[in-house]
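Novice: One file is attached below, entry_20.txt, containing compact mmCIF, C-alpha atoms.
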```txt
# COMPACT_ATOMS: atom_id res chain seq x y z
CA MET Q 1 7.94 -34.97 7.88
CA THR Q 2 6.62 -31.84 6.16
CA ALA Q 3 2.90 -32.01 5.43
CA PRO Q 4 1.83 -31.93 1.77
CA HIS Q 5 0.43 -28.82 0.14
CA ALA Q 6 -3.20 -28.11 0.91
CA PRO Q 7 -5.44 -29.63 -1.80
CA SER Q 8 -5.76 -27.64 -5.04
CA TRP Q 9 -5.40 -28.23 -8.74
CA TYR Q 10 -1.96 -26.67 -8.46
CA ALA Q 11 -0.85 -29.08 -5.73
CA GLU Q 12 -2.24 -32.01 -7.69
CA THR Q 13 -0.31 -31.09 -10.85
CA ALA Q 14 2.97 -29.75 -9.41
CA ASP Q 15 6.00 -31.71 -8.20
CA LYS Q 16 4.88 -33.62 -5.09
CA THR Q 17 8.41 -34.88 -4.39
CA LEU Q 18 10.12 -31.50 -4.03
CA ALA Q 19 10.99 -30.97 -0.35
CA PHE Q 20 13.53 -29.12 1.74
CA PRO Q 21 14.60 -30.06 5.28
CA PRO Q 22 13.58 -28.03 8.32
CA LEU Q 23 16.18 -25.86 9.98
CA ASP Q 24 18.17 -27.96 12.44
CA GLY Q 25 19.45 -25.84 15.34
CA ASP Q 26 21.15 -22.47 15.37
CA ARG Q 27 23.23 -21.03 12.57
CA LYS Q 28 24.64 -17.83 11.12
CA ALA Q 29 24.16 -16.27 7.68
CA HIS Q 30 24.70 -12.98 5.96
CA VAL Q 31 21.00 -12.82 4.98
CA ALA Q 32 18.03 -14.60 6.53
CA ILE Q 33 14.70 -14.61 4.70
CA VAL Q 34 11.24 -15.27 6.12
CA GLY Q 35 8.85 -16.66 3.52
CA GLY Q 36 9.12 -19.20 0.72
CA GLY Q 37 7.01 -17.37 -1.84
CA TYR Q 38 8.02 -15.41 -4.92
CA THR Q 39 9.62 -12.52 -3.03
CA GLY Q 40 11.71 -14.65 -0.70
CA LEU Q 41 12.70 -17.14 -3.39
CA SER Q 42 13.68 -14.42 -5.85
CA ALA Q 43 15.72 -12.61 -3.19
CA ALA Q 44 17.43 -15.86 -2.21
CA LEU Q 45 18.20 -16.68 -5.83
CA HIS Q 46 19.65 -13.29 -6.70
CA LEU Q 47 21.67 -13.05 -3.48
CA ALA Q 48 23.04 -16.57 -3.85
CA GLU Q 49 24.02 -15.88 -7.45
CA ALA Q 50 26.06 -12.95 -6.11
CA GLY Q 51 27.82 -15.23 -3.63
CA ILE Q 52 25.91 -14.07 -0.52
CA GLU Q 53 25.29 -16.72 2.15
CA THR Q 54 21.50 -16.85 2.36
CA VAL Q 55 19.13 -18.93 4.51
CA LEU Q 56 15.38 -18.96 3.85
CA VAL Q 57 12.77 -20.36 6.22
CA GLU Q 58 9.20 -21.22 5.27
CA ALA Q 59 6.53 -22.14 7.82
CA ASN Q 60 4.94 -24.75 5.56
CA ARG Q 61 5.91 -25.73 2.01
CA ILE Q 62 7.58 -23.66 -0.67
CA GLY Q 63 4.77 -21.76 -2.41
CA SER Q 64 2.15 -22.72 0.18
CA GLY Q 65 1.05 -19.09 0.59
CA ALA Q 66 -0.32 -16.81 -2.10
CA SER Q 67 2.54 -17.58 -4.48
CA GLY Q 68 1.39 -21.16 -5.01
CA ARG Q 69 -2.35 -20.63 -4.71
CA ASN Q 70 -3.18 -17.55 -6.83
CA GLY Q 71 -4.93 -17.15 -10.17
CA GLY Q 72 -1.68 -17.37 -12.11
CA GLN Q 73 -2.26 -14.14 -14.06
CA LEU Q 74 0.68 -11.95 -15.08
CA HIS Q 75 -0.66 -8.42 -15.58
CA THR Q 76 0.86 -5.31 -17.08
CA GLY Q 77 1.36 -2.24 -14.88
CA GLN Q 78 0.70 -1.72 -11.20
CA ARG Q 79 -2.45 -2.70 -9.33
CA ARG Q 80 -3.67 0.88 -9.87
CA ASP Q 81 -3.94 2.07 -13.46
CA GLN Q 82 -1.86 4.87 -14.94
CA ASP Q 83 -4.69 7.42 -14.78
CA TRP Q 84 -4.99 6.86 -11.04
CA LEU Q 85 -1.22 7.02 -10.55
CA GLU Q 86 -0.94 10.25 -12.55
CA ARG Q 87 -3.70 11.89 -10.50
CA ARG Q 88 -2.26 10.84 -7.15
CA LEU Q 89 1.48 10.89 -7.78
CA GLY Q 90 2.04 13.00 -10.88
CA ARG Q 91 3.09 12.04 -14.39
CA PRO Q 92 6.82 11.54 -13.77
CA ALA Q 93 6.21 9.12 -10.89
CA ALA Q 94 3.48 7.32 -12.85
CA HIS Q 95 5.81 6.84 -15.82
CA GLU Q 96 8.55 5.56 -13.54
CA LEU Q 97 6.16 3.04 -11.99
CA TRP Q 98 5.13 1.92 -15.47
CA THR Q 99 8.77 1.30 -16.36
CA LEU Q 100 9.32 -0.64 -13.13
CA ALA Q 101 6.22 -2.74 -13.80
CA GLU Q 102 7.45 -3.55 -17.30
CA GLU Q 103 10.79 -4.61 -15.78
CA ALA Q 104 8.88 -6.81 -13.33
CA LYS Q 105 6.93 -8.51 -16.10
CA ALA Q 106 10.13 -9.04 -18.11
CA LEU Q 107 11.82 -10.54 -15.05
CA VAL Q 108 9.22 -13.31 -14.86
CA HIS Q 109 9.91 -14.23 -18.49
CA HIS Q 110 13.67 -14.03 -17.87
CA LEU Q 111 13.51 -16.31 -14.84
CA ILE Q 112 11.40 -18.88 -16.68
CA ASP Q 113 13.75 -18.88 -19.66
CA LYS Q 114 17.06 -18.76 -17.77
CA HIS Q 115 16.18 -21.51 -15.31
CA GLN Q 116 14.06 -23.56 -17.73
CA ILE Q 117 11.05 -23.51 -15.41
CA ASP Q 118 8.09 -25.53 -16.69
CA ALA Q 119 5.57 -22.91 -15.57
CA GLU Q 120 3.03 -23.58 -18.38
CA TRP Q 121 3.30 -19.98 -19.59
CA ARG Q 122 0.61 -18.90 -22.04
CA PRO Q 123 0.43 -15.37 -23.48
CA GLY Q 124 -2.62 -13.14 -23.74
CA LEU Q 125 -4.84 -11.50 -21.13
CA ILE Q 126 -8.23 -9.82 -21.50
CA GLU Q 127 -9.57 -7.16 -19.11
CA ALA Q 128 -13.37 -7.36 -19.55
CA VAL Q 129 -15.67 -4.40 -18.77
CA HIS Q 130 -18.63 -5.40 -16.59
CA LYS Q 131 -20.61 -2.10 -16.78
CA ARG Q 132 -21.67 -0.26 -19.92
CA ARG Q 133 -20.96 3.11 -18.26
CA LEU Q 134 -17.26 2.13 -17.96
CA VAL Q 135 -16.73 1.52 -21.68
CA SER Q 136 -15.69 5.04 -22.67
CA GLU Q 137 -13.03 5.35 -19.99
CA GLU Q 138 -11.71 1.88 -20.73
CA ARG Q 139 -11.44 2.68 -24.43
CA HIS Q 140 -9.67 5.90 -23.49
CA TYR Q 141 -7.26 3.88 -21.38
CA VAL Q 142 -6.24 1.73 -24.35
CA ASP Q 143 -5.50 4.91 -26.32
CA LYS Q 144 -3.57 6.30 -23.37
CA LEU Q 145 -1.35 3.23 -23.14
CA ASN Q 146 -0.77 3.26 -26.89
CA ASP Q 147 -0.07 6.99 -27.16
CA ASP Q 148 1.27 8.23 -23.80
CA TYR Q 149 3.18 5.12 -22.76
CA GLY Q 150 4.19 3.77 -26.16
CA TYR Q 151 2.60 0.43 -25.31
CA ALA Q 152 1.50 -1.06 -28.61
CA HIS Q 153 0.43 -4.41 -27.13
CA ALA Q 154 -2.97 -3.21 -25.86
CA GLU Q 155 -6.07 -3.08 -28.09
CA TRP Q 156 -9.78 -2.55 -27.56
CA ILE Q 157 -12.11 -5.50 -28.18
CA GLU Q 158 -15.71 -4.84 -29.20
CA PRO Q 159 -18.46 -6.82 -27.39
CA ASP Q 160 -19.25 -9.26 -30.21
CA ARG Q 161 -15.62 -10.20 -30.69
CA LEU Q 162 -15.12 -10.45 -26.93
CA ALA Q 163 -18.08 -12.80 -26.58
CA ALA Q 164 -16.58 -15.08 -29.22
CA MET Q 165 -13.19 -14.99 -27.49
CA ILE Q 166 -14.39 -15.81 -23.98
CA GLY Q 167 -17.70 -17.60 -24.53
CA THR Q 168 -20.02 -15.26 -22.63
CA ASP Q 169 -21.96 -12.10 -23.47
CA ALA Q 170 -21.80 -10.83 -19.88
CA TYR Q 171 -19.39 -8.01 -20.77
CA PHE Q 172 -19.46 -4.80 -22.80
CA GLY Q 173 -16.04 -4.98 -24.41
CA GLY Q 174 -12.53 -5.27 -23.11
CA ARG Q 175 -8.82 -4.65 -23.42
CA TYR Q 176 -6.57 -7.30 -24.91
CA ASP Q 177 -2.96 -7.33 -23.68
CA ALA Q 178 -0.59 -9.39 -25.79
CA THR Q 179 2.40 -9.46 -23.43
CA ALA Q 180 0.45 -10.28 -20.27
CA GLY Q 181 -0.76 -13.85 -19.78
CA HIS Q 182 -0.89 -16.70 -17.30
CA LEU Q 183 1.14 -19.51 -15.77
CA HIS Q 184 1.06 -22.31 -13.19
CA PRO Q 185 2.00 -20.38 -10.04
CA LEU Q 186 3.13 -23.29 -7.88
CA LYS Q 187 5.33 -24.72 -10.63
CA PHE Q 188 6.86 -21.27 -11.02
CA ALA Q 189 7.58 -21.09 -7.27
CA GLN Q 190 9.09 -24.55 -7.28
CA GLY Q 191 11.27 -23.62 -10.24
CA LEU Q 192 12.56 -20.56 -8.38
CA ALA Q 193 13.32 -22.75 -5.36
CA ARG Q 194 15.34 -25.22 -7.41
CA ALA Q 195 17.26 -22.37 -9.02
CA ALA Q 196 17.99 -20.76 -5.64
CA VAL Q 197 19.36 -24.01 -4.23
CA MET Q 198 21.46 -24.59 -7.33
CA ALA Q 199 22.92 -21.10 -6.81
CA GLY Q 200 23.85 -21.94 -3.21
CA ALA Q 201 20.95 -20.74 -1.04
CA SER Q 202 19.75 -22.84 1.91
CA LEU Q 203 15.98 -23.41 1.96
CA HIS Q 204 14.12 -24.83 4.95
CA GLU Q 205 10.46 -25.84 4.99
CA ASP Q 206 8.34 -26.60 8.06
CA THR Q 207 10.23 -23.87 9.95
CA PRO Q 208 7.87 -21.16 11.22
CA ALA Q 209 9.48 -17.89 12.23
CA ILE Q 210 8.42 -16.91 15.75
CA ARG Q 211 10.03 -13.54 16.39
CA LEU Q 212 12.70 -11.14 15.23
CA ASP Q 213 15.05 -9.65 17.82
CA ASP Q 214 16.68 -6.45 16.59
CA GLY Q 215 20.30 -5.61 17.28
CA MET Q 216 23.61 -5.01 15.57
CA LYS Q 217 22.98 -8.41 14.01
CA PRO Q 218 19.29 -9.34 14.05
CA LEU Q 219 18.31 -12.70 15.52
CA LEU Q 220 15.53 -14.58 13.76
CA VAL Q 221 14.00 -17.12 16.11
CA THR Q 222 12.14 -20.06 14.56
CA SER Q 223 10.49 -23.20 15.87
CA ARG Q 224 13.55 -25.18 14.76
CA GLY Q 225 16.37 -22.97 15.93
CA SER Q 226 17.62 -19.44 15.30
CA ILE Q 227 19.54 -17.59 12.61
CA ARG Q 228 21.95 -14.79 13.53
CA ALA Q 229 22.16 -12.67 10.39
CA ASP Q 230 23.54 -9.36 9.22
CA ILE Q 231 20.32 -8.72 7.32
CA VAL Q 232 16.77 -10.09 7.53
CA ILE Q 233 14.16 -9.93 4.76
CA LEU Q 234 10.53 -10.25 5.86
CA ALA Q 235 8.78 -11.74 2.84
CA GLY Q 236 5.81 -13.39 4.54
CA ASN Q 237 3.25 -11.07 2.92
CA GLY Q 238 -0.05 -11.53 4.78
CA LEU Q 239 1.23 -14.33 6.99
CA LEU Q 240 3.81 -12.70 9.25
CA ASP Q 241 1.59 -13.28 12.30
CA GLY Q 242 3.12 -10.93 14.82
CA ILE Q 243 6.74 -10.86 13.66
CA ASP Q 244 6.78 -7.19 12.66
CA GLN Q 245 4.08 -4.72 13.67
CA GLU Q 246 5.22 -2.01 11.25
CA THR Q 247 4.65 -4.26 8.25
CA GLU Q 248 1.41 -5.72 9.57
CA THR Q 249 -0.20 -2.32 10.12
CA ARG Q 250 0.37 -1.49 6.44
CA ALA Q 251 -0.75 -4.76 4.85
CA MET Q 252 -4.03 -6.52 5.59
CA PRO Q 253 -4.48 -10.26 4.93
CA ILE Q 254 -7.65 -11.19 3.07
CA LYS Q 255 -8.75 -14.48 1.57
CA ASN Q 256 -9.67 -15.17 -2.03
CA PHE Q 257 -11.10 -18.38 -3.50
CA ILE Q 258 -10.68 -20.39 -6.69
CA LEU Q 259 -12.21 -23.46 -8.31
CA THR Q 260 -11.51 -25.62 -11.31
CA THR Q 261 -14.10 -27.40 -13.40
CA GLU Q 262 -13.70 -30.85 -14.79
CA PRO Q 263 -11.83 -30.89 -18.14
CA ILE Q 264 -14.17 -29.34 -20.73
CA GLY Q 265 -11.78 -28.53 -23.58
CA ALA Q 266 -11.24 -24.94 -22.42
CA GLY Q 267 -8.42 -23.16 -24.19
CA MET Q 268 -8.68 -25.51 -27.15
CA PRO Q 269 -10.30 -25.06 -30.59
CA GLY Q 270 -14.06 -25.29 -30.22
CA GLY Q 271 -13.96 -24.86 -26.43
CA LEU Q 272 -14.38 -21.88 -24.14
CA ILE Q 273 -11.63 -19.29 -24.62
CA PRO Q 274 -10.22 -21.05 -27.70
CA GLY Q 275 -7.30 -18.61 -27.89
CA GLY Q 276 -6.15 -19.65 -24.44
CA GLU Q 277 -6.11 -16.17 -22.89
CA ALA Q 278 -6.57 -15.34 -19.23
CA VAL Q 279 -9.49 -13.07 -18.36
CA SER Q 280 -10.15 -10.69 -15.50
CA ASP Q 281 -12.81 -8.04 -15.19
CA SER Q 282 -13.36 -4.47 -14.05
CA ARG Q 283 -14.99 -5.26 -10.71
CA PHE Q 284 -13.19 -3.94 -7.66
CA VAL Q 285 -13.69 -7.38 -6.10
CA VAL Q 286 -12.42 -8.88 -9.30
CA TYR Q 287 -13.43 -12.06 -11.13
CA TYR Q 288 -10.55 -13.77 -12.91
CA TRP Q 289 -10.33 -16.98 -14.88
CA ARG Q 290 -8.33 -18.89 -17.45
CA PRO Q 291 -8.07 -22.25 -19.17
CA THR Q 292 -5.69 -24.77 -17.66
CA SER Q 293 -3.27 -26.98 -19.54
CA ASP Q 294 -5.67 -29.92 -19.24
CA GLY Q 295 -8.72 -28.02 -20.52
CA ARG Q 296 -10.43 -26.90 -17.31
CA ILE Q 297 -11.71 -23.46 -16.41
CA LEU Q 298 -9.87 -22.13 -13.36
CA PHE Q 299 -12.08 -19.40 -11.92
CA GLY Q 300 -11.51 -17.02 -9.00
CA GLY Q 301 -14.29 -15.07 -7.35
CA GLY Q 302 -15.32 -14.02 -3.89
CA GLU Q 303 -13.34 -12.78 -0.91
CA THR Q 304 -13.61 -12.99 2.85
CA TYR Q 305 -12.04 -10.74 5.42
CA SER Q 306 -11.54 -13.18 8.28
CA ARG Q 307 -9.15 -16.06 8.94
CA SER Q 308 -11.84 -18.67 8.36
CA ASP Q 309 -12.95 -20.13 5.03
CA PRO Q 310 -16.57 -20.39 3.89
CA ALA Q 311 -18.22 -23.61 5.04
CA ASP Q 312 -18.49 -24.75 1.41
CA ILE Q 313 -15.82 -23.21 -0.84
CA PHE Q 314 -17.13 -25.14 -3.86
CA ALA Q 315 -20.58 -23.51 -3.58
CA PHE Q 316 -19.10 -20.13 -2.59
CA VAL Q 317 -17.10 -19.79 -5.82
CA ARG Q 318 -19.50 -21.71 -8.07
CA ARG Q 319 -22.22 -19.08 -7.74
CA HIS Q 320 -19.80 -16.47 -9.07
CA LEU Q 321 -18.79 -18.76 -11.95
CA LEU Q 322 -22.42 -19.36 -12.93
CA GLY Q 323 -23.06 -15.63 -13.02
CA ILE Q 324 -20.63 -15.50 -15.96
CA TYR Q 325 -21.15 -18.96 -17.45
CA PRO Q 326 -24.67 -20.19 -16.60
CA GLY Q 327 -24.22 -22.94 -19.19
CA LEU Q 328 -21.71 -24.63 -16.87
CA ARG Q 329 -24.41 -25.40 -14.28
CA ASP Q 330 -24.19 -29.15 -14.90
CA ILE Q 331 -20.39 -29.26 -15.11
CA ARG Q 332 -18.58 -31.00 -12.27
CA ILE Q 333 -16.33 -28.91 -10.00
CA ASP Q 334 -13.19 -30.90 -9.23
CA HIS Q 335 -11.19 -28.55 -6.99
CA ALA Q 336 -11.86 -25.52 -4.80
CA TRP Q 337 -9.48 -23.78 -2.45
CA GLY Q 338 -8.65 -20.48 -0.82
CA GLY Q 339 -5.51 -18.50 -0.20
CA THR Q 340 -4.35 -15.53 1.83
CA LEU Q 341 -3.06 -12.45 0.07
CA ALA Q 342 -2.30 -9.02 1.49
CA VAL Q 343 -3.69 -5.66 0.42
CA THR Q 344 -2.60 -2.15 1.31
CA VAL Q 345 -4.85 0.87 1.79
CA ASN Q 346 -4.05 2.28 -1.66
CA ARG Q 347 -3.21 -1.06 -3.34
CA LEU Q 348 0.42 -0.06 -3.93
CA PRO Q 349 3.00 -2.55 -2.62
CA PHE Q 350 4.84 -2.01 0.63
CA LEU Q 351 8.56 -2.45 -0.11
CA SER Q 352 10.88 -0.88 2.41
CA ARG Q 353 14.07 -0.92 4.44
CA LEU Q 354 12.30 -0.78 7.79
CA ARG Q 355 15.40 -0.12 9.85
CA PRO Q 356 19.08 -1.00 9.63
CA GLY Q 357 19.40 -4.66 8.76
CA VAL Q 358 15.68 -5.32 8.18
CA TYR Q 359 13.81 -5.20 4.87
CA ALA Q 360 10.14 -5.96 4.23
CA ALA Q 361 7.95 -6.70 1.23
CA SER Q 362 4.19 -7.09 1.46
CA GLY Q 363 0.82 -5.98 0.15
CA TYR Q 364 1.00 -6.79 -3.56
CA SER Q 365 -2.81 -6.55 -3.61
CA GLY Q 366 -3.36 -9.17 -6.31
CA GLN Q 367 -0.49 -8.10 -8.56
CA GLY Q 368 2.06 -10.42 -7.02
CA VAL Q 369 2.83 -12.72 -9.96
CA ALA Q 370 4.67 -9.80 -11.56
CA LEU Q 371 5.66 -7.65 -8.60
CA ALA Q 372 6.67 -10.22 -5.97
CA PRO Q 373 9.63 -11.77 -7.87
CA TYR Q 374 10.68 -8.23 -8.74
CA GLY Q 375 10.34 -7.16 -5.11
CA GLY Q 376 12.74 -9.92 -4.13
CA LYS Q 377 15.21 -8.89 -6.79
CA ILE Q 378 15.24 -5.20 -5.96
CA ILE Q 379 15.69 -5.92 -2.25
CA ALA Q 380 18.61 -8.16 -3.21
CA ASP Q 381 19.95 -5.36 -5.41
CA ALA Q 382 19.71 -2.93 -2.48
CA ILE Q 383 21.62 -5.31 -0.21
CA LEU Q 384 24.25 -5.59 -2.94
CA GLY Q 385 24.63 -1.81 -3.04
CA ASN Q 386 22.10 -0.76 -5.70
CA PRO Q 387 19.07 0.62 -3.82
CA GLY Q 388 17.59 2.85 -6.53
CA ARG Q 389 14.59 0.76 -7.53
CA LEU Q 390 13.78 -0.16 -3.94
CA ASP Q 391 13.97 3.53 -3.04
CA SER Q 392 11.40 4.28 -5.75
CA PHE Q 393 8.91 1.87 -4.20
CA ALA Q 394 9.78 2.84 -0.63
CA ALA Q 395 8.94 6.47 -1.50
CA LEU Q 396 5.36 5.54 -2.43
CA PRO Q 397 2.67 6.47 0.08
CA CYS Q 398 1.61 3.39 2.02
CA PRO Q 399 -0.56 4.53 4.93
CA ARG Q 400 -1.23 2.39 7.96
CA PHE Q 401 -4.70 0.91 8.21
CA PRO Q 402 -6.85 3.00 10.53
CA GLY Q 403 -6.79 1.64 14.05
CA GLY Q 404 -3.54 -0.24 13.62
CA LYS Q 405 -3.37 -4.00 13.57
CA LEU Q 406 -6.13 -4.64 16.11
CA LEU Q 407 -8.85 -2.32 14.77
CA ARG Q 408 -8.13 -2.43 11.04
CA TRP Q 409 -10.62 -5.23 10.28
CA PRO Q 410 -13.85 -3.20 10.67
CA ALA Q 411 -12.54 -0.42 8.43
CA LEU Q 412 -11.43 -2.87 5.76
CA VAL Q 413 -14.71 -4.82 5.83
CA ALA Q 414 -16.74 -1.61 5.56
CA GLY Q 415 -14.63 -0.34 2.67
CA MET Q 416 -14.61 -3.61 0.74
CA SER Q 417 -18.34 -4.06 1.27
CA TRP Q 418 -18.93 -0.61 -0.21
CA TYR Q 419 -16.87 -1.43 -3.30
CA ALA Q 420 -18.58 -4.80 -3.65
CA LEU Q 421 -21.93 -2.97 -3.62
CA ARG Q 422 -20.65 -0.60 -6.33
CA ASP Q 423 -19.78 -3.63 -8.46
CA ARG Q 424 -23.45 -4.63 -8.43
CA ILE Q 425 -25.05 -1.25 -9.21
```
Translate the structure of the given file into structure tokens.
Specialist:
Amino acid sequence: MTAPHAPSWYAETADKTLAFPPLDGDRKAHVAIVGGGYTGLSAALHLAEAGIETVLVEANRIGSGASGRNGGQLHTGQRRDQDWLERRLGRPAAHELWTLAEEAKALVHHLIDKHQIDAEWRPGLIEAVHKRRLVSEERHYVDKLNDDYGYAHAEWIEPDRLAAMIGTDAYFGGRYDATAGHLHPLKFAQGLARAAVMAGASLHEDTPAIRLDDGMKPLLVTSRGSIRADIVILAGNGLLDGIDQETETRAMPIKNFILTTEPIGAGMPGGLIPGGEAVSDSRFVVYYWRPTSDGRILFGGGETYSRSDPADIFAFVRRHLLGIYPGLRDIRIDHAWGGTLAVTVNRLPFLSRLRPGVYAASGYSGQGVALAPYGGKIIADAILGNPGRLDSFAALPCPRFPGGKLLRWPALVAGMSWYALRDRI
């Protein structure tokens, strides 16, 4: 019997009865998918809707990776802002990536509406500025989005108004985004899974993929049997664990941690964040938080760059929370958990046709609520004969981590430690 989801507020409040059988022996399919997160589920859904025989395998439970354990924030744009993209890639490419990101955000809304997914969607997201010296460039960025990108949904928030909106004076202003927002990520994943099965896809939990044998028709070997497929999609993000070296040298798994307080009326009149918005800040190692549907604060802060969790996740995240909300010192913490995501060197996603018959998607770098379902769709579109959007992402620079898979850890730790130091000075 498949083990339950690891403990979290999401697992406690999602559908505990939803389950899919393990793969039972060998079979054939047109498309085999590794990974039951947003990318794999979206690809399975869109392929099945087009009548393509699709089999998806997930090592644990649907949404047990980053897709069901993240902060639940749906952001506008790419992980890098438009100024950065224009400097590195040029204005035409930056504008194209903006358009693709807007399509990705719209897809999430479309999927929720079309398949009637109870994802607890709530609009509104605030990007708070944690250093006074960053205010001028952040104000400029609001004007840039309004004027250069025609995005009228962003506005600057002065510090006094921001403090009233989020219940802390730890920030120096911020950007309000009306069409971004937040949702329950595990419920969203489960809704995609139900929709994919209704469309005809086969989903199998408790079926770890072990290896991929290339050939005219790739063979995906799992712990429960094999799948001979015309096409394989590797959608395991940071959890491929040796299945494809090319993907793993371009995306590094890191761990991020989240807690929830006891119910305190957050997101309700008179409580913290009475407007119900999500909040993230301008740190490189970002803090992010939001009110839950039952009035808790769900707060993410702190990362590690190894496979192991801190000895006490509750204390590890709580110290970050109290740096923003010292008044919550006596509030009970009810849940704390970690999850593995994948980052790339430049924080742009790695979406590619690796070789004939094999596609990969990884490295969403914290922007996966928007980009991962879209990644699954555009890979499905490419398989169906419309590769344009996938080609746009595949053309992005996505360097390998220095030292390859074995030696990439020291470089990542050094780099992230430097940025974490910058956050504090």
Novice: Measuring between all atoms listed in the file, which one of Q:Asp334, Q:Glu58, Q:Asp312, Q:Asp206 shows the shortest distance to Leu239 in chain Q?
Specialist: Q:Glu58
Novice: May I ask for the distance between CA of Thr207 in chain Q and CA of Gln73 in chain Q, given in Å to one decimal place?
Specialist: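 Between CA of Thr207 in chain Q and CA of Gln73 in chain Q the gap works out to 28.8 Å.
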Novice: Calculated over all atoms listed in the file, which of the candidates Q:Arg296, Q:Arg69, Q:His109, Q:His95 has the smallest distance to Tyr10 in chain Q?
Specialist: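 Distance minimum relative to Tyr10 in chain Q lands on Q:Arg69.
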Novice: List every residue of range 313-348 of chain Q that has an atom at most 12 Å from any atom of range 243-248 of chain Q, and for each one report the closest atom pair and its distance in Å to one decimal, counting only C-alpha atoms, with rows sorted by chain and then by increasing residue number, as a tab-separated table.
Specialist:
```
residue	atom	partner	partner_atom	distance
Q:Ala342	CA	Q:Glu248	CA	9.5
Q:Val343	CA	Q:Glu248	CA	10.5
Q:Thr344	CA	Q:Glu248	CA	9.9
Q:Val345	CA	Q:Glu248	CA	12.0
```
Novice: Just give me the gap between CA of Gly388 in chain Q and CA of Ala48 in chain Q in Å, one decimal is fine.
Specialist: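 Pair CA of Gly388 in chain Q / CA of Ala48 in chain Q returns 20.3 Å.
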Novice: Could you jot down the CA of Ile378 in chain Q to CA of Leu390 in chain Q separation for me, Å, one decimal place?
Specialist: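 Between CA of Ile378 in chain Q and CA of Leu390 in chain Q the gap works out to 5.6 Å.
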